[in-house]
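Participant: Got a file for you: final00.cif, mmCIF, C-alpha atoms.
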```cif
data_query
loop_
_atom_site.group_PDB
_atom_site.id
_atom_site.type_symbol
_atom_site.label_atom_id
_atom_site.label_comp_id
_atom_site.auth_asym_id
_atom_site.auth_seq_id
_atom_site.Cartn_x
_atom_site.Cartn_y
_atom_site.Cartn_z
ATOM 1 C CA MET A 151 150.239 101.857 79.462
ATOM 2 C CA ASN A 152 147.145 103.900 80.297
ATOM 3 C CA LYS A 153 145.512 102.179 83.252
ATOM 4 C CA TYR A 154 142.423 104.372 82.958
ATOM 5 C CA SER A 155 141.414 102.859 79.637
ATOM 6 C CA GLY A 156 140.877 99.240 80.639
ATOM 7 C CA GLN A 157 144.523 98.290 80.212
ATOM 8 C CA GLY A 158 146.684 96.348 82.666
ATOM 9 C CA THR A 159 145.711 93.463 84.910
ATOM 10 C CA PHE A 160 142.668 93.606 87.150
ATOM 11 C CA GLU A 161 144.962 93.867 90.168
ATOM 12 C CA GLU A 162 146.904 96.751 88.613
ATOM 13 C CA ARG A 163 143.708 98.626 87.768
ATOM 14 C CA GLN A 164 142.402 98.196 91.327
ATOM 15 C CA THR A 165 145.534 99.650 92.931
ATOM 16 C CA ILE A 166 144.933 103.051 91.357
ATOM 17 C CA LYS A 167 144.209 105.331 94.309
ATOM 18 C CA GLN A 168 141.571 107.329 92.467
ATOM 19 C CA THR A 169 137.918 106.851 91.741
ATOM 20 C CA ASP A 170 136.828 105.429 88.421
ATOM 21 C CA MET A 171 137.217 108.208 85.820
ATOM 22 C CA GLY A 172 134.120 107.078 83.894
ATOM 23 C CA GLU A 173 131.992 107.277 87.031
ATOM 24 C CA THR A 174 133.394 110.693 87.935
ATOM 25 C CA LEU A 175 132.544 111.997 84.459
ATOM 26 C CA PHE A 176 129.065 110.460 84.637
ATOM 27 C CA GLU A 177 128.340 112.075 88.004
ATOM 28 C CA GLN A 178 129.535 115.447 86.692
ATOM 29 C CA TYR A 179 127.247 115.021 83.677
ATOM 30 C CA CYS A 180 124.229 114.242 85.876
ATOM 31 C CA GLU A 181 124.989 117.104 88.244
ATOM 32 C CA GLY A 182 125.342 119.494 85.294
ATOM 33 C CA LEU A 183 121.841 118.548 84.163
ATOM 34 C CA GLY A 184 120.416 118.655 87.687
ATOM 35 C CA LEU A 185 119.612 114.938 87.619
ATOM 36 C CA LYS A 186 119.318 113.013 90.853
ATOM 37 C CA TYR A 187 121.373 109.812 90.803
ATOM 38 C CA HIS A 188 121.969 106.986 93.246
ATOM 39 C CA HIS A 189 125.154 104.928 93.244
ATOM 40 C CA THR A 190 124.206 101.248 93.207
ATOM 41 C CA GLY A 191 126.150 98.058 92.692
ATOM 42 C CA PHE A 192 129.621 97.469 94.092
ATOM 43 C CA ASP A 193 132.648 99.767 94.022
ATOM 44 C CA SER A 194 135.756 97.634 93.626
ATOM 45 C CA LYS A 195 138.174 100.485 94.407
ATOM 46 C CA LEU A 196 136.606 102.449 97.244
ATOM 47 C CA ASN A 197 134.866 99.601 99.058
ATOM 48 C CA PRO A 198 136.235 96.252 97.830
ATOM 49 C CA VAL A 199 134.527 93.013 98.859
ATOM 50 C CA ASN A 200 136.827 90.121 99.765
ATOM 51 C CA ASN A 201 136.171 86.948 97.721
ATOM 52 C CA PHE A 202 133.888 88.959 95.439
ATOM 53 C CA TRP A 203 134.095 86.191 92.826
ATOM 54 C CA LYS A 204 131.819 84.088 95.088
ATOM 55 C CA VAL A 205 128.916 86.492 94.479
ATOM 56 C CA HIS A 206 126.546 85.528 91.655
ATOM 57 C CA PRO A 207 127.677 87.122 88.337
ATOM 58 C CA THR A 208 124.389 88.998 87.902
ATOM 59 C CA LEU A 209 124.863 90.704 91.258
ATOM 60 C CA ARG A 210 128.519 91.449 90.516
ATOM 61 C CA SER A 211 127.361 93.176 87.317
ATOM 62 C CA LEU A 212 124.674 95.363 88.858
ATOM 63 C CA PRO A 213 124.415 98.739 87.137
ATOM 64 C CA ASP A 214 126.436 101.509 88.751
ATOM 65 C CA TYR A 215 123.631 104.068 88.977
ATOM 66 C CA LEU A 216 119.898 104.551 89.136
ATOM 67 C CA VAL A 217 119.019 107.973 87.706
ATOM 68 C CA GLU A 218 115.770 109.895 88.172
ATOM 69 C CA LYS A 219 114.677 111.846 85.094
ATOM 70 C CA ASP A 220 111.237 113.153 84.087
ATOM 71 C CA ASN A 221 109.350 110.710 86.341
ATOM 72 C CA ASN A 222 111.359 107.824 84.879
ATOM 73 C CA LEU A 223 114.031 105.660 86.451
ATOM 74 C CA ILE A 224 117.054 104.774 84.377
ATOM 75 C CA TRP A 225 119.605 102.088 85.224
ATOM 76 C CA CYS A 226 123.069 103.093 83.996
ATOM 77 C CA HIS A 227 126.123 100.893 83.855
ATOM 78 C CA VAL A 228 129.075 103.226 83.319
ATOM 79 C CA LYS A 229 132.122 102.263 81.285
ATOM 80 C CA GLY A 230 135.311 104.300 81.059
ATOM 81 C CA THR A 231 136.500 102.179 78.146
ATOM 82 C CA ALA A 232 134.961 100.795 74.960
ATOM 83 C CA ASN A 233 136.106 97.285 75.920
ATOM 84 C CA LEU A 234 133.324 95.003 77.162
ATOM 85 C CA LYS A 235 133.944 91.564 78.623
ATOM 86 C CA LEU A 236 131.692 89.028 76.904
ATOM 87 C CA ASN A 237 130.569 87.658 80.276
ATOM 88 C CA ASP A 238 129.618 91.158 81.449
ATOM 89 C CA LEU A 239 127.669 91.825 78.269
ATOM 90 C CA ALA A 240 125.691 88.641 78.870
ATOM 91 C CA GLU A 241 124.987 89.734 82.456
ATOM 92 C CA TYR A 242 123.868 93.200 81.309
ATOM 93 C CA SER A 243 121.422 91.465 78.968
ATOM 94 C CA ASN A 244 120.199 89.250 81.803
ATOM 95 C CA PHE A 245 119.739 92.262 84.068
ATOM 96 C CA GLU A 246 117.771 94.165 81.459
ATOM 97 C CA ARG A 247 115.546 91.181 80.671
ATOM 98 C CA SER A 248 114.972 89.991 84.241
ATOM 99 C CA LEU A 249 115.448 92.880 86.648
ATOM 100 C CA ALA A 250 115.158 96.288 84.963
ATOM 101 C CA HIS A 251 111.370 95.935 85.194
ATOM 102 C CA ASP A 252 109.748 99.294 84.295
ATOM 103 C CA CYS A 253 113.055 101.168 84.198
ATOM 104 C CA HIS A 254 115.168 101.969 81.171
ATOM 105 C CA PHE A 255 118.641 100.426 81.012
ATOM 106 C CA TYR A 256 121.737 101.845 79.325
ATOM 107 C CA VAL A 257 125.414 101.128 79.197
ATOM 108 C CA VAL A 258 126.977 104.595 79.309
ATOM 109 C CA PHE A 259 130.428 105.136 77.829
ATOM 110 C CA CYS A 260 132.161 108.123 79.458
ATOM 111 C CA PHE A 261 135.425 109.506 78.104
ATOM 112 C CA LYS A 262 137.171 112.711 79.104
ATOM 113 C CA GLY A 263 136.341 115.615 76.813
ATOM 114 C CA GLN A 264 133.274 113.888 75.304
ATOM 115 C CA GLU A 265 129.569 113.765 76.044
ATOM 116 C CA PRO A 266 128.510 110.423 77.564
ATOM 117 C CA LYS A 267 127.301 107.897 74.993
ATOM 118 C CA PHE A 268 124.125 106.111 76.125
ATOM 119 C CA ARG A 269 123.607 102.746 74.420
ATOM 120 C CA THR A 270 120.893 100.135 74.840
ATOM 121 C CA ILE A 271 121.845 96.469 74.832
ATOM 122 C CA LYS A 272 120.327 96.109 71.365
ATOM 123 C CA GLN A 273 122.382 99.031 70.072
ATOM 124 C CA ILE A 274 125.543 97.484 71.537
ATOM 125 C CA TYR A 275 124.833 94.133 69.895
ATOM 126 C CA ASP A 276 124.283 95.947 66.585
ATOM 127 C CA LEU A 277 127.628 97.739 67.018
ATOM 128 C CA LEU A 278 129.427 94.436 67.609
ATOM 129 C CA VAL A 279 128.593 92.955 64.210
ATOM 130 C CA GLY A 280 131.842 92.208 62.411
ATOM 131 C CA GLN A 281 134.031 92.997 65.431
ATOM 132 C CA LYS A 282 136.770 90.620 66.507
ATOM 133 C CA VAL A 283 136.635 88.939 69.917
ATOM 134 C CA LYS A 284 139.905 89.553 71.744
ATOM 135 C CA GLN A 285 141.406 87.976 74.827
ATOM 136 C CA TRP A 286 143.397 89.418 77.703
ATOM 137 C CA HIS A 287 146.381 87.607 79.209
ATOM 138 C CA ASP A 288 144.104 86.066 81.871
ATOM 139 C CA ASN A 289 141.938 84.445 79.132
ATOM 140 C CA VAL A 290 139.024 86.839 79.663
ATOM 141 C CA LYS A 291 137.352 87.452 76.319
ATOM 142 C CA TYR A 292 136.246 90.948 75.371
ATOM 143 C CA ILE A 293 135.152 93.003 72.439
ATOM 144 C CA THR A 294 135.716 96.661 71.669
ATOM 145 C CA VAL A 295 132.502 98.519 70.901
ATOM 146 C CA LYS A 296 132.855 100.840 67.924
ATOM 147 C CA LEU A 297 131.116 103.912 69.229
#
```
Could you take the file, read its structure, and then write that structure out as structure tokens?

Facilitator:
Amino acid sequence: MNKYSGQGTFEERQTIKQTDMGETLFEQYCEGLGLKYHHTGFDSKLNPVNNFWKVHPTLRSLPDYLVEKDNNLIWCHVKGTANLKLNDLAEYSNFERSLAHDCHFYVVFCFKGQEPKFRTIKQIYDLLVGQKVKQWHDNVKYITVKL
């Protein structure tokens, strides 16, 4: 089982002693373009928060990065897998609608050997049409975005 592709239990994925591959690839991408980025949100592997589930879902789903580009600010939530939890997708939509303000917002899919794929929430919803909702062993529902 490849634990870098959203497989395994949450606990198993958190015991990996490496940084998130998607985030590493995203940072390399930004650095290669000379873009200034700021890590935001929470890092569940490098700086875990005890009882994190008590934090409001919108705050738990804060985007991973705020990127500066051409006098614009861009919120980026980085995914190292094409699997999106339905609850997270709803929170991304809430964030974009309520908190992104004058900034752009993208979910960025980063896979080794590929250019990052920047998708708006609308584009993601369009890509989900006809896709089957799946469920992990812990009853969390998710969908695989066809990129």

Participant: So that I can check the surroundings of Ser243 (chain A), please list as an mmCIF file with C-alpha atoms, keeping the file's coordinate frame every protein, DNA and RNA residue that reaches within 12 Å of it, counting all atoms listed in the file and ignoring chain neighbours fewer than 5 positions away.

Facilitator:
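The resulting file, out-v3.cif, is reproduced below:
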```cif
data_model
loop_
_atom_site.group_PDB
_atom_site.id
_atom_site.type_symbol
_atom_site.label_atom_id
_atom_site.label_comp_id
_atom_site.auth_asym_id
_atom_site.auth_seq_id
_atom_site.Cartn_x
_atom_site.Cartn_y
_atom_site.Cartn_z
ATOM 1 C CA THR A 208 124.389 88.998 87.902
ATOM 2 C CA SER A 211 127.361 93.176 87.317
ATOM 3 C CA LEU A 212 124.674 95.363 88.858
ATOM 4 C CA PRO A 213 124.415 98.739 87.137
ATOM 5 C CA HIS A 227 126.123 100.893 83.855
ATOM 6 C CA LEU A 236 131.692 89.028 76.904
ATOM 7 C CA ASN A 237 130.569 87.658 80.276
ATOM 8 C CA ASP A 238 129.618 91.158 81.449
ATOM 9 C CA SER A 248 114.972 89.991 84.241
ATOM 10 C CA LEU A 249 115.448 92.880 86.648
ATOM 11 C CA ALA A 250 115.158 96.288 84.963
ATOM 12 C CA PHE A 255 118.641 100.426 81.012
ATOM 13 C CA TYR A 256 121.737 101.845 79.325
ATOM 14 C CA VAL A 257 125.414 101.128 79.197
ATOM 15 C CA THR A 270 120.893 100.135 74.840
ATOM 16 C CA ILE A 271 121.845 96.469 74.832
ATOM 17 C CA LYS A 272 120.327 96.109 71.365
ATOM 18 C CA GLN A 273 122.382 99.031 70.072
ATOM 19 C CA ILE A 274 125.543 97.484 71.537
ATOM 20 C CA TYR A 275 124.833 94.133 69.895
#
```

Participant: Using CA of Asp193 (chain A) and CA of Arg210 (chain A) as the two end points, give the distance in Å to one decimal.

Facilitator: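 Straight-line distance from CA of Asp193 (chain A) to CA of Arg210 (chain A) works out to 9.9 Å.
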
Participant: Record the distance separating CA of Val283 (chain A) and CA of Pro207 (chain A), expressed in Å with one decimal.

Facilitator: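 CA of Val283 (chain A) sits 20.6 Å away from CA of Pro207 (chain A).
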
Participant: Given the choices A:Cys260, A:Ala240, A:Cys253, A:Leu234, which gets closest to Ile293 (chain A) if the distance is worked out from only C-alpha atoms?

Facilitator: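 Of A:Cys260, A:Ala240, A:Cys253, A:Leu234, the one nearest Ile293 (chain A) is A:Leu234, counting only C-alpha atoms.
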
Participant: In terms of the shortest atom-to-atom distance over only C-alpha atoms, which of A:Lys235, A:Glu241, A:His206, A:Lys262 is closest to Asp170 (chain A)?

Facilitator: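 Closest to Asp170 (chain A) of all the choices is A:Lys262.
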
Participant: CA of Phe261 (chain A) to CA of Lys296 (chain A): how many Å, to one decimal?

Facilitator: 13.6 Å

Participant: Which residue out of A:Leu278, A:Val295, A:Val290, A:Leu183 has the minimum interatomic distance to Val258 (chain A) when all atoms listed in the file are used?

Facilitator: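 Looking only at the distances to Val258 (chain A), the closest residue turns out to be A:Val295.
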
Participant: Between A:Thr231, A:Thr190, A:Asn244, A:Asn197, which residue has the minimum interatomic distance to Tyr215 (chain A), considering all atoms listed in the file?

Facilitator: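 Closest to Tyr215 (chain A), using all atoms listed in the file: A:Thr190.
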
Participant: Which residue out of A:Gly263, A:Lys219, A:Val279, A:Asp288 has the minimum interatomic distance to Glu181 (chain A) when all atoms listed in the file are used?

Facilitator: A:Lys219

Participant: Give me the residues near His254 (chain A) as a ChimeraX atom specification, where near means some atom within 9 Å (using all atoms listed in the file) and where sequence neighbours in that chain fewer than 4 positions away do not count.

Facilitator: /A:222-226,246,250,270

Participant: From the set A:Thr294, A:Gly230, A:Gln285, A:Val199, which residue has the shortest atom-to-atom contact distance to Gln264 (chain A), counting all atoms listed in the file?

Facilitator: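 Counting all atoms listed in the file, the residue closest to Gln264 (chain A) is A:Gly230.
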
Participant: How would you write as a ChimeraX atom specification the residues that get within 10 Å of (127.0, 109.5, 83.8) in the file's frame, counting all atoms listed in the file?

Facilitator: /A:172-181,185,187,214-215,217,226-229,257-260,265-268
